[in-house]
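Undergrad: Take this structure, written in structure tokens, and hold onto it; I'll ask about it next.
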Amino acid sequence: MSVTISFPDGKSKDFIQAPTGQDIADAISTSLGRNAVAIRVNGRMWDLQRPIDADANIEIITRNDDEGIELLRHDAAHVMAEAVKELYPDTQVTIGPAIEHGFYYDFARAEPFVPEDLDRIEQRMREIVDRDEPISREVWDRQEAINFYRQIGEEYKAQIIEDIDAGEPITLYRQGNFVDLCRGPHLPSTGRLGKAFKLTKLAGAYWRGDSRNAMLQRIYGTAWPDAKQLKAYLTQLEEAEKRDHRKFGKQMDLFHFQEEAPGAVFWHAKGWTLFQTLVNYMRRKQNAAGYIEVNTPELMDRSLWEASGHWQTFGENMFHMETADDRTLAIKPMNCPGHVQVFKHDLRSYRDLPMRISEFGKVHRYEPSGALHGLMRVRAFTQDDAHVFCTEQQITEESKHVCDLLLGIYRDFGFDDIHIKYADRPTNRVGSDAVWDASEKALLQAVEATGLQYSLNPGEGAFYGPKLEFVLRDAIGRDWQCGTLQVDLNLPARLGAQYIGEDGQKHTPVMLHRALFGSLERFIGILLEHYAGALPFWLSPMQIVVATVVSDADAYAEQVAHMLQAKGIKVEADLRNEKISYKVREHSLQKVPIILVVGRREAEDRTVTMRRLGSKQQENLALNEAVTRFVADNLSPTPVAN
């Protein structure tokens with residue numbers, strides 16, 4: 001039997017017998033055969049060892065491809081599970097997926113793992129790699145698979161199989177004496193994994209994410225195609241730990257969290273100053289770009305959220321309450337329904353479009369307690385949210401305006417490495433396929449009109465429309481998804497928004513959802529980690545400290561501080577009876593950009609001795625010259641009108 005294999009470049013090759021992916025890779029080149037980890041057959045991922053018994057379009061996946069790296073991480077989870085079962089036989093295995101940068105596996109075990117166990121498990125994983133155990137795919141009868149796992153004491157695996165749809169095949173993968181339930185694909189053998197992996201931490205996790213279920217033990221790890229990439233990532237982790245924004249929150253006296261308000265921020269005076277600096281900056285940018293600012297209620301009736309579709313698709317993430325008059329009110333998780341109410345309150349004409357409505361709206365979303373993480377993952381946060389109501393003909397131009405605004409803002413904050421992802425329709429969505437077709441086409445045309453590079457993020461759009469995601473790369477190479485732009489042809493119609501067109505008839509406007517920072521809380525966390533706390537002068541919540549050497553200079557120090565304060569500089573005088581070295585060290589730890597040291601000589605000469613954060617050099621300046629310089633440094637990036 002001859003099989004014709006077609007390749008992405010349009011070429012094809014005939015095989016006398018049904019080839020495996022490994023056969024095909026080896027036939028192309030020795031290096032490809034060595035680096036191949038899986039094969040895509042007619043769009044579906046297959047194991048390299050699985051025969052292809054019919055003509056097919058294929059693509060070889062290597063260990064350095066994104067999908068190949070994900071597969072390596074998935075196999076690392078399976079090898080870890082095998083190691084755990086060998087070392088701790090009474091442990092039950094549950095699930096072990098690949099995740100961003102690594103993998104995890106959840107285990108049910110009476111005795112808790114301790115950090116020292118990770119070294120032992122990791123060493124056994126290396127031994128399993130050295131064994132180079134073949135990994136083989138087996139299709140089982142459903143009941144036989146359930147019985148098998150129950151007989152060996154793996155109740156969780158039996159439960160998973162029972163919940164799989166009846167039409168789905170039950171595939172198990174065998175490596176050595178370890179047999180795991182998995183859809184696959186997998187590497188041909190454990191040796192192909194290599195040893196560029198590291199177990200990183202322990203955590204707790206409820207079975208299936210439900211707090212009513214048993215608590216499991218989760219082991220996290222990371223895996224990479226080679227040792228060089230592993231080392232780079234571990235170095236990044238070390239640097240990230242040093243830059244943890246929660247540490248700077250305490251050190252710089254910006255904010256704190258406490259158990260009585262899980263996922264909500266207690267902003268201190270300096271932190272709130274930083275927050276308001278961002279708000280004022282964004283307000284100037286938006287005013288120059290033609291936005292009007294509104295404020296909408298935080299509590300609104302359930303009926304509005306049902307009409308918008310949020311109750312059906314997002315209800316489990318919403319906070320709500322019953323009132324004495326039998327009404328159900330929900331705390332808004334998003335600002336969009338409120339903005340539609342503002343738009344439709346008056347009769348609108350096509351001449352009013354585009355209408356750009358913005359709000360610094362406080363929203364609340366339920367996040368599991370285990371997912372909360374400082375400012376990065378909260379339950380209560382502020383969105384720099386805006387919605388552009390426009391005609392279909394205006395989508396491209398308005399989307400381009402949003403993209404230009406976004407990119408300019410990110411550059412103002414020191415982010416030059418920006419990537420855009422285009423996300424299309426998710427499985428859980430509202431609206432007809434015809435509406436989605438139109439929305440996706442419009443947004444794709446818009447991003448292509450900007451000339452910007454983008455990648456696809458299939459199935460990750462919002463439930464009401466496709467979106468662009470703006471991803472920033474920080475100082476240590478981490479990616480953060482911040483701004484979004486979404487085209488929505490569903491929500492305005494669901495909530496009855498209309499305008500009078502040139503033809504005198506009523507039309508439904510297009511609604512562009514747009515966030516720039518995204519969450520202000522999260523963006524502050526990103527900024528703190530990007531700059532390692534040393535924020536730019538114009539952004540710093542405390543810009544200058546005037547520190548005295550002797551008490552004789554107290555009056556002069558206060559005069560300097562008042563002069564700077566009158567010029568809009570955030571400044572305080574440190575008149576404490578402490579050594580100047582102590583004061584400098586303390587304010588440096590608090591990341592104050594500039595310390596002005598004044599003593600008797602400075603008071604007599606009307607000068608200041610300036611020391612910048614991170615520099616041991618000092619500069620003596622005339623007071624008037626220093627004030628002029630600081631005022632210039634304090635100018636935030638200026639807005640550019642559309």
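Quick note on naming: the chains in the structure tokens go A, B, ... in the order shown, residues restart at 1 in each chain, and ligands are numbered from 1 in order of appearance.
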Please run DSSP on the backbone and report, as a PyMOL selection string, all residues within region 393-430 of chain A that come out as strand (DSSP E or B).
TA: chain A and resi 418-423
Undergrad: Identify, on the basis of only C-alpha atoms, every residue whose closest approach to Ser136 (chain A) does not exceed 7 Å; exclude the query and any residue fewer than 4 positions from it along the same chain; express the result as a list in words.
TA: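 Answer for this query is Tyr173, Arg174 and Gln175 of chain A.
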Undergrad: Filtering to C-alpha atoms, could you give me those residues as a PDB file, in the first residue's frame?
TA:
```pdb
ATOM      1  CA  TYR A 173       0.063   5.843  27.590  1.00  0.00           C
ATOM      2  CA  ARG A 174       2.527   3.310  28.961  1.00  0.00           C
ATOM      3  CA  GLN A 175       6.100   4.222  29.946  1.00  0.00           C
TER       4      GLN A 175
END
```
Undergrad: What separation in Å, quoted to one decimal, exists between CA of Pro169 (chain A) and CA of His186 (chain A)?
TA: 16.4 Å
Undergrad: Which residue gives the smallest distance to Arg63 (chain A) among A:Met563, A:Val435, A:Ala203, A:Leu187, with only C-alpha atoms counted?
TA: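 The shortest atom-to-atom distance to Arg63 (chain A) comes from A:Leu187.
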Undergrad: Hey, what's within 9 Å of Asp23 (chain A) if we count only C-alpha atoms and toss same-chain stuff fewer than 5 positions away? As JSON, numbers by chain, please?
TA: {"A": [28, 33, 48, 49]}
Undergrad: Which residues, written as a list of chain:residue names, have at least one atom at most 12 Å from Ser615 (chain A), with only C-alpha atoms counted and residues fewer than 4 positions away on the same chain left out?
TA: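 In the requested form, the answer reads A:Val584, A:Ser588, A:Pro593, A:Ile594, A:Ile595, A:Met610, A:Arg611, A:Glu619.
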Undergrad: Excluding Arg365 (chain A) and any residue of its chain fewer than 5 positions from it, enumerate the residues within 6 Å of it, using only C-alpha atoms, and give them as a ChimeraX atom specification.
TA: /A:317-318,333,379
Undergrad: Kindly export the residues of the current selection with C-alpha atoms, as an mmCIF file, in the first residue's frame.
TA:
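Okay, this is what ended up in part-v7.cif:
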```
data_model
loop_
_atom_site.group_PDB
_atom_site.id
_atom_site.type_symbol
_atom_site.label_atom_id
_atom_site.label_comp_id
_atom_site.auth_asym_id
_atom_site.auth_seq_id
_atom_site.Cartn_x
_atom_site.Cartn_y
_atom_site.Cartn_z
ATOM 1 C CA ASN A 317 -17.601 35.387 38.584
ATOM 2 C CA MET A 318 -20.048 38.083 39.707
ATOM 3 C CA PRO A 333 -17.713 43.141 36.765
ATOM 4 C CA ARG A 379 -11.096 40.780 43.124
#
```
Undergrad: My list of candidates is A:Glu448, A:Asp90, A:Asp488, A:Asp301. Which is closest to His513 (chain A) when distances are computed with only C-alpha atoms?
TA: A:Asp488
Undergrad: Set the distance at 12 Å and use only C-alpha atoms: which residues neighbour Thr628 (chain A) once local chain neighbours fewer than 6 positions away are removed? I'd like the list as a PyMOL selection string.
TA: chain A and resi 563-564+567-569+621-622+634-635
Undergrad: Which residue is closest to Glu144 (chain A)? Choose from A:Asp385, A:Ile161, A:Ser519, A:Glu111 and count only C-alpha atoms.
TA: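 Looking only at the distances to Glu144 (chain A), the closest residue turns out to be A:Ile161.
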